[in-house]
Each structure stands twice: as structure tokens, then as C-alpha cells.
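> Sharing final.txt, compact mmCIF, C-alpha atoms:
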# COMPACT_ATOMS: atom_id res chain seq x y z
CA MET A 250 -12.16 -36.15 -15.53
CA ILE A 251 -11.54 -34.01 -18.60
CA ARG A 252 -9.52 -31.39 -16.68
CA PRO A 253 -6.77 -33.81 -15.55
CA PHE A 254 -6.58 -35.20 -19.09
CA LEU A 255 -6.44 -31.69 -20.58
CA ALA A 256 -3.79 -30.61 -18.06
CA GLY A 257 -1.74 -33.71 -18.90
CA ALA A 258 -2.06 -33.05 -22.63
CA VAL A 259 -0.97 -29.42 -22.17
CA PHE A 260 2.02 -30.56 -20.08
CA LEU A 261 3.08 -33.10 -22.72
CA PHE A 262 2.70 -30.54 -25.51
CA ALA A 263 4.72 -27.93 -23.57
CA SER A 264 7.42 -30.51 -22.79
CA ALA A 265 7.67 -31.49 -26.44
CA CYS A 266 7.97 -27.86 -27.48
CA ALA A 267 10.68 -27.18 -24.90
CA SER A 268 12.77 -30.22 -25.77
CA ALA A 269 13.70 -29.33 -29.34
CA PRO A 270 13.04 -26.47 -31.74
CA ASP A 271 10.24 -26.75 -34.27
CA GLY A 272 11.13 -29.19 -37.03
CA LEU A 273 14.06 -30.81 -35.20
CA THR A 274 14.26 -33.89 -33.05
CA GLU A 275 16.59 -33.93 -30.05
CA PRO A 276 19.18 -36.03 -31.96
CA GLN A 277 19.01 -33.57 -34.88
CA GLU A 278 19.43 -30.64 -32.49
CA ALA A 279 22.46 -32.35 -30.93
CA ALA A 280 23.93 -32.98 -34.38
CA GLU A 281 23.48 -29.32 -35.38
CA ALA A 282 25.13 -28.18 -32.12
CA ALA A 283 28.04 -30.57 -32.79
CA THR A 284 28.40 -29.11 -36.30
CA ILE A 285 28.58 -25.60 -34.85
CA ALA A 286 31.14 -26.72 -32.24
CA ALA A 287 33.22 -28.21 -35.07
CA LEU A 288 33.02 -24.87 -36.92
CA LEU A 289 34.34 -23.07 -33.83
CA GLN A 290 37.14 -25.63 -33.43
CA ALA A 291 38.06 -25.25 -37.11
CA GLN A 292 38.29 -21.50 -36.55
CA ASP A 293 40.67 -22.11 -33.63
CA ALA A 294 42.81 -24.39 -35.81
CA ALA A 295 42.95 -21.87 -38.67
CA TRP A 296 43.86 -19.08 -36.26
CA ASN A 297 46.59 -21.17 -34.65
CA ASN A 298 48.01 -21.89 -38.11
CA GLY A 299 48.25 -18.15 -38.77
CA ASP A 300 45.40 -18.32 -41.31
CA ILE A 301 43.05 -15.39 -40.69
CA ASP A 302 41.36 -15.99 -44.05
CA GLY A 303 40.65 -19.59 -42.99
CA PHE A 304 39.40 -18.34 -39.63
CA MET A 305 37.01 -16.02 -41.46
CA ASN A 306 35.48 -18.99 -43.34
CA GLY A 307 33.15 -19.32 -40.34
CA TYR A 308 31.67 -15.89 -41.03
CA TRP A 309 28.92 -14.94 -43.47
CA PRO A 310 30.65 -13.42 -46.52
CA SER A 311 28.22 -10.52 -46.68
CA GLU A 312 28.32 -6.80 -46.14
CA GLU A 313 25.48 -7.43 -43.65
CA LEU A 314 27.84 -9.28 -41.25
CA ARG A 315 27.93 -7.55 -37.84
CA PHE A 316 30.97 -7.62 -35.54
CA ALA A 317 30.91 -5.76 -32.21
CA SER A 318 33.91 -5.47 -29.90
CA GLY A 319 35.56 -2.83 -27.75
CA GLY A 320 32.55 -0.54 -27.95
CA ASP A 321 32.65 -0.44 -31.76
CA VAL A 322 30.48 -2.09 -34.39
CA VAL A 323 32.01 -3.12 -37.71
CA ARG A 324 29.69 -4.01 -40.57
CA GLY A 325 30.61 -6.24 -43.46
CA TYR A 326 32.86 -9.21 -44.10
CA ALA A 327 35.66 -7.18 -45.70
CA ALA A 328 35.70 -4.63 -42.85
CA THR A 329 35.72 -7.42 -40.24
CA LEU A 330 38.62 -9.17 -41.98
CA ALA A 331 40.54 -5.88 -42.22
CA ARG A 332 39.94 -5.26 -38.50
CA TYR A 333 41.35 -8.67 -37.61
CA LYS A 334 44.41 -8.12 -39.83
CA VAL A 335 45.17 -4.76 -38.20
CA ARG A 336 44.56 -5.99 -34.65
CA TYR A 337 46.48 -9.26 -35.11
CA PRO A 338 49.26 -8.62 -37.66
CA GLY A 339 50.92 -11.78 -38.95
CA ARG A 340 51.33 -15.18 -37.35
CA GLN A 341 53.29 -13.86 -34.36
CA GLY A 342 50.71 -11.16 -33.64
CA MET A 343 47.90 -13.71 -33.78
CA GLY A 344 49.36 -15.88 -31.03
CA GLU A 345 47.44 -18.94 -29.86
CA LEU A 346 43.62 -18.91 -29.72
CA THR A 347 41.66 -21.14 -27.39
CA THR A 348 37.87 -21.10 -27.23
CA SER A 349 35.97 -22.98 -24.55
CA ASP A 350 32.79 -23.27 -22.50
CA TYR A 351 30.59 -23.63 -25.57
CA GLU A 352 26.88 -23.08 -24.96
CA ILE A 353 25.10 -23.67 -28.23
CA ASP A 354 21.37 -23.09 -28.47
CA ILE A 355 19.64 -24.25 -31.63
CA LEU A 356 16.67 -21.93 -32.08
CA SER A 357 15.27 -23.40 -35.30
CA GLU A 358 16.39 -25.39 -38.32
CA ASP A 359 18.36 -22.38 -39.55
CA ALA A 360 19.14 -20.22 -36.51
CA ALA A 361 21.37 -20.69 -33.47
CA ILE A 362 23.21 -18.77 -30.77
CA ALA A 363 26.61 -19.79 -29.44
CA HIS A 364 28.18 -18.43 -26.26
CA GLY A 365 31.69 -19.14 -25.06
CA ARG A 366 35.04 -17.94 -23.80
CA TRP A 367 38.08 -16.97 -25.83
CA LYS A 368 41.74 -16.51 -24.94
CA VAL A 369 44.61 -15.32 -27.14
CA THR A 370 48.14 -15.84 -25.85
CA THR A 371 51.11 -14.13 -27.50
CA ALA A 372 54.75 -13.59 -26.51
CA GLU A 373 53.65 -10.25 -24.98
CA GLY A 374 50.93 -11.76 -22.79
CA SER A 375 47.33 -12.83 -23.07
CA ALA A 376 43.86 -11.41 -23.51
CA ASP A 377 40.57 -13.16 -22.88
CA GLY A 378 36.86 -12.62 -22.71
CA LEU A 379 33.45 -13.83 -23.79
CA TYR A 380 31.60 -14.00 -27.08
CA THR A 381 28.05 -14.38 -28.32
CA LEU A 382 27.55 -15.51 -31.90
CA VAL A 383 24.35 -15.51 -33.92
CA LEU A 384 24.51 -18.16 -36.62
CA ARG A 385 22.28 -18.91 -39.60
CA LYS A 386 22.25 -22.05 -41.67
CA MET A 387 22.54 -21.02 -45.32
CA ASP A 388 22.86 -23.45 -48.20
CA GLY A 389 23.42 -26.24 -45.67
CA GLN A 390 26.26 -24.45 -43.84
CA TRP A 391 26.23 -22.72 -40.45
CA LEU A 392 27.75 -19.24 -40.66
CA ILE A 393 28.26 -16.49 -38.10
CA VAL A 394 26.09 -13.50 -39.02
CA SER A 395 26.72 -11.49 -35.84
CA ASP A 396 29.63 -11.64 -33.39
CA THR A 397 29.69 -9.74 -30.12
CA THR A 398 33.01 -10.22 -28.36
CA THR A 399 33.94 -8.74 -25.01
CA SER A 400 37.28 -8.53 -23.26
CA SER A 401 37.88 -9.11 -19.58
CA GLU A 402 40.44 -6.27 -19.60
Can you present the structure in this file as C-alpha cells?


Amino acid sequence: MIRPFLAGAVFLFASACASAPDGLTEPQEAAEAATIAALLQAQDAAWNNGDIDGFMNGYWPSEELRFASGGDVVRGYAATLARYKVRYPGRQGMGELTTSDYEIDILSEDAAIAHGRWKVTTAEGSADGLYTLVLRKMDGQWLIVSDTTTSSE
């Protein structure tokens, strides 16, 4: 009689652990994921307004920021911003950014991973690919601390 009870208790405990990260309820987890999605959408809007500095507001303003793309790793906020400005010069060079297919996994109260697709369309054509972002919640704000972006080219 104790074994079925113990098995049931273990199942309920495992289910509870799998449903939401430690310290968060499912509604809280959903709210955090929605906040991260809003951050990503705000980045799209800033980009599409030609505002790279506004786009960068989603990144951790630290020299420990990690950005990997095209086989290279750039470290630091300033270096990442400079890379974007060289790669996408001016409003015309930035084109139109669309991100989609968000998969946001809240790992804990202050850590998350976001996966998705990106596409930039300019007068010369388009480029697209995938990204994986590691985010940390610092001082009540979700920020990207690591960005790995790949291109389908």
C-alpha cells in the first residue's frame, strides 16, 4: 500500500518540478516569457526605426557580453555595438528586421533562453537565420548576456 502512495507522491513532485522553474508559478513563468517577447519586439521596432542604440538596449551593457556570429566571437557591449554599426551602416543598410518563432524557456527567476528566427530585408536582398539568446534578469530587467546568431547563407 505504501509503494503506490510513494510512487504517486514522486510523480506529483516530478510533475510540479517540470511545470515551472523553482520559485515561479506557471502564470509567473508565462508573464516572464511575455516580458522577454516584448523585449525582442522592442528590439525589432528600434531596428526598423534605424536606431541601433535603441536595439542594443536589450543587451547587457557589460564588457562580459558575448556575441557569436559568422564563426567569430565578439566580447563586450561596445565591441558588439561597433560590429553592428559596421555590418549595418545607417538606416538604409539596416533594412527591415523581423524576428519570429519565439521559443522562450524560463530556467529560473533570473535566467532564460530564447530561440527564434531572424530576417533582415534590404534593397539589395535579404538574409535570415536562427538565434539563441541567454538572458539574465538584473535589477528587475531581462537583458541578453549571450547571443549566438547563425545565418542560413

> Counting all atoms listed in the file, which of A:Thr348, A:Asn298, A:Ser357, A:Ser395 gets nearest to A:Thr274?

A:Ser357

> Let me make sure I understand: among A:Phe316, A:Trp367, A:Tyr326, A:Tyr337, which one has the smallest atom-to-atom distance to A:Leu289 if we use all atoms listed in the file?

A:Trp367

> With all atoms listed in the file as the basis for distance, which of A:Asp350, A:Ile393, A:Leu330, A:Ala287 is at the shortest distance from A:Ile362?

A:Ile393

> Compile the contact shell of A:Gly319 as a short mmCIF file (atom, residue, chain, number, x, y, z; two decimals) with C-alpha atoms, in the coordinates of the input: residues with an atom at most 12 Å away, counting all atoms listed in the file, same-chain residues fewer than 4 positions apart removed.


data_model
loop_
_atom_site.label_atom_id
_atom_site.label_comp_id
_atom_site.auth_asym_id
_atom_site.auth_seq_id
_atom_site.Cartn_x
_atom_site.Cartn_y
_atom_site.Cartn_z
CA VAL A 323 32.01 -3.12 -37.71
CA ARG A 332 39.94 -5.26 -38.50
CA ARG A 336 44.56 -5.99 -34.65
CA GLY A 378 36.86 -12.62 -22.71
CA LEU A 379 33.45 -13.83 -23.79
CA TYR A 380 31.60 -14.00 -27.08
CA THR A 397 29.69 -9.74 -30.12
CA THR A 398 33.01 -10.22 -28.36
CA THR A 399 33.94 -8.74 -25.01
CA SER A 400 37.28 -8.53 -23.26
CA SER A 401 37.88 -9.11 -19.58
CA GLU A 402 40.44 -6.27 -19.60
#

> Ranking A:Phe304, A:Trp391, A:Trp309, A:Trp296 by minimum distance to A:Gly344 and counting only C-alpha atoms, which one comes first?

A:Trp296

> I'd like the interatomic distance between atom CA of A:Gly299 and atom CA of A:Gly374, to a tenth of an Å.

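Interatomic distance here is 17.4 Å.
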
> Taking only C-alpha atoms into account, which of A:Glu358, A:Glu312, A:Glu345, A:Asp302 comes nearest A:Tyr333?

A:Asp302

> Quick one: pull the distance between atom CA of A:Asp377 and atom CA of A:Leu356, Å, one decimal.

27.1 Å

> As an exercise, work out the distance from atom CA of A:Asp293 to atom CA of A:Gly342 in Å and give it to one decimal place.

14.9 Å

> Determine the nearest neighbour of A:Lys386 from the options A:Ala327, A:Ala317, A:Ala291, A:Ala282, counting all atoms listed in the file.

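Between A:Ala327, A:Ala317, A:Ala291, A:Ala282, the residue approaching A:Lys386 most closely is A:Ala282.
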
> Can I get stretch 312-345 of chain A with N, CA and C atoms filled in, as an mmCIF file, in the frame of the given file?


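And here is the file that came out, out_37.cif:
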data_model
loop_
_atom_site.group_PDB
_atom_site.id
_atom_site.type_symbol
_atom_site.label_atom_id
_atom_site.label_comp_id
_atom_site.auth_asym_id
_atom_site.auth_seq_id
_atom_site.Cartn_x
_atom_site.Cartn_y
_atom_site.Cartn_z
ATOM 1 N N GLU A 312 28.146 -8.137 -46.715
ATOM 2 C CA GLU A 312 28.320 -6.800 -46.140
ATOM 3 C C GLU A 312 27.305 -6.558 -45.020
ATOM 4 N N GLU A 313 26.425 -7.523 -44.759
ATOM 5 C CA GLU A 313 25.480 -7.430 -43.650
ATOM 6 C C GLU A 313 26.026 -8.082 -42.371
ATOM 7 N N LEU A 314 27.198 -8.719 -42.444
ATOM 8 C CA LEU A 314 27.840 -9.280 -41.250
ATOM 9 C C LEU A 314 28.014 -8.175 -40.213
ATOM 10 N N ARG A 315 27.775 -8.516 -38.935
ATOM 11 C CA ARG A 315 27.930 -7.550 -37.840
ATOM 12 C C ARG A 315 28.953 -8.086 -36.853
ATOM 13 N N PHE A 316 29.949 -7.256 -36.515
ATOM 14 C CA PHE A 316 30.970 -7.620 -35.540
ATOM 15 C C PHE A 316 31.075 -6.480 -34.531
ATOM 16 N N ALA A 317 30.847 -6.790 -33.260
ATOM 17 C CA ALA A 317 30.910 -5.760 -32.210
ATOM 18 C C ALA A 317 31.965 -6.160 -31.186
ATOM 19 N N SER A 318 32.858 -5.225 -30.889
ATOM 20 C CA SER A 318 33.910 -5.470 -29.900
ATOM 21 C C SER A 318 34.501 -4.126 -29.480
ATOM 22 N N GLY A 319 34.894 -4.037 -28.224
ATOM 23 C CA GLY A 319 35.560 -2.830 -27.750
ATOM 24 C C GLY A 319 34.719 -1.575 -27.887
ATOM 25 N N GLY A 320 33.416 -1.698 -27.836
ATOM 26 C CA GLY A 320 32.550 -0.540 -27.950
ATOM 27 C C GLY A 320 32.292 -0.083 -29.368
ATOM 28 N N ASP A 321 32.837 -0.811 -30.353
ATOM 29 C CA ASP A 321 32.650 -0.440 -31.760
ATOM 30 C C ASP A 321 31.888 -1.544 -32.489
ATOM 31 N N VAL A 322 31.161 -1.146 -33.516
ATOM 32 C CA VAL A 322 30.480 -2.090 -34.390
ATOM 33 C C VAL A 322 31.071 -1.935 -35.783
ATOM 34 N N VAL A 323 31.506 -3.071 -36.341
ATOM 35 C CA VAL A 323 32.010 -3.120 -37.710
ATOM 36 C C VAL A 323 30.982 -3.868 -38.526
ATOM 37 N N ARG A 324 30.661 -3.345 -39.694
ATOM 38 C CA ARG A 324 29.690 -4.010 -40.570
ATOM 39 C C ARG A 324 30.386 -4.461 -41.837
ATOM 40 N N GLY A 325 30.093 -5.702 -42.208
ATOM 41 C CA GLY A 325 30.610 -6.240 -43.460
ATOM 42 C C GLY A 325 31.775 -7.191 -43.257
ATOM 43 N N TYR A 326 31.818 -8.186 -44.147
ATOM 44 C CA TYR A 326 32.860 -9.210 -44.100
ATOM 45 C C TYR A 326 34.240 -8.588 -44.324
ATOM 46 N N ALA A 327 34.367 -7.773 -45.368
ATOM 47 C CA ALA A 327 35.660 -7.180 -45.700
ATOM 48 C C ALA A 327 36.170 -6.294 -44.564
ATOM 49 N N ALA A 328 35.299 -5.514 -43.961
ATOM 50 C CA ALA A 328 35.700 -4.630 -42.850
ATOM 51 C C ALA A 328 36.091 -5.449 -41.617
ATOM 52 N N THR A 329 35.387 -6.559 -41.376
ATOM 53 C CA THR A 329 35.720 -7.420 -40.240
ATOM 54 C C THR A 329 37.074 -8.067 -40.459
ATOM 55 N N LEU A 330 37.323 -8.570 -41.650
ATOM 56 C CA LEU A 330 38.620 -9.170 -41.980
ATOM 57 C C LEU A 330 39.741 -8.139 -41.839
ATOM 58 N N ALA A 331 39.522 -6.937 -42.337
ATOM 59 C CA ALA A 331 40.540 -5.880 -42.220
ATOM 60 C C ALA A 331 40.801 -5.549 -40.756
ATOM 61 N N ARG A 332 39.772 -5.519 -39.931
ATOM 62 C CA ARG A 332 39.940 -5.260 -38.500
ATOM 63 C C ARG A 332 40.815 -6.320 -37.860
ATOM 64 N N TYR A 333 40.535 -7.582 -38.162
ATOM 65 C CA TYR A 333 41.350 -8.670 -37.610
ATOM 66 C C TYR A 333 42.809 -8.533 -38.049
ATOM 67 N N LYS A 334 43.037 -8.212 -39.316
ATOM 68 C CA LYS A 334 44.410 -8.120 -39.830
ATOM 69 C C LYS A 334 45.185 -6.970 -39.188
ATOM 70 N N VAL A 335 44.509 -5.880 -38.873
ATOM 71 C CA VAL A 335 45.170 -4.760 -38.200
ATOM 72 C C VAL A 335 45.433 -5.102 -36.733
ATOM 73 N N ARG A 336 44.446 -5.677 -36.092
ATOM 74 C CA ARG A 336 44.560 -5.990 -34.650
ATOM 75 C C ARG A 336 45.545 -7.121 -34.378
ATOM 76 N N TYR A 337 45.623 -8.084 -35.288
ATOM 77 C CA TYR A 337 46.480 -9.260 -35.110
ATOM 78 C C TYR A 337 47.371 -9.428 -36.341
ATOM 79 N N PRO A 338 48.417 -8.583 -36.457
ATOM 80 C CA PRO A 338 49.260 -8.620 -37.660
ATOM 81 C C PRO A 338 50.176 -9.847 -37.696
ATOM 82 N N GLY A 339 50.036 -10.637 -38.725
ATOM 83 C CA GLY A 339 50.920 -11.780 -38.950
ATOM 84 C C GLY A 339 50.766 -12.898 -37.934
ATOM 85 N N ARG A 340 51.427 -13.989 -38.203
ATOM 86 C CA ARG A 340 51.330 -15.180 -37.350
ATOM 87 C C ARG A 340 51.733 -14.874 -35.919
ATOM 88 N N GLN A 341 52.824 -14.154 -35.716
ATOM 89 C CA GLN A 341 53.290 -13.860 -34.360
ATOM 90 C C GLN A 341 52.282 -12.985 -33.603
ATOM 91 N N GLY A 342 51.699 -12.023 -34.275
ATOM 92 C CA GLY A 342 50.710 -11.160 -33.640
ATOM 93 C C GLY A 342 49.420 -11.871 -33.302
ATOM 94 N N MET A 343 49.127 -12.950 -34.029
ATOM 95 C CA MET A 343 47.900 -13.710 -33.780
ATOM 96 C C MET A 343 48.004 -14.554 -32.515
ATOM 97 N N GLY A 344 49.187 -15.056 -32.226
ATOM 98 C CA GLY A 344 49.360 -15.880 -31.030
ATOM 99 C C GLY A 344 48.576 -17.181 -31.127
ATOM 100 N N GLU A 345 48.164 -17.678 -29.977
ATOM 101 C CA GLU A 345 47.440 -18.940 -29.860
ATOM 102 C C GLU A 345 46.033 -18.656 -29.348
#
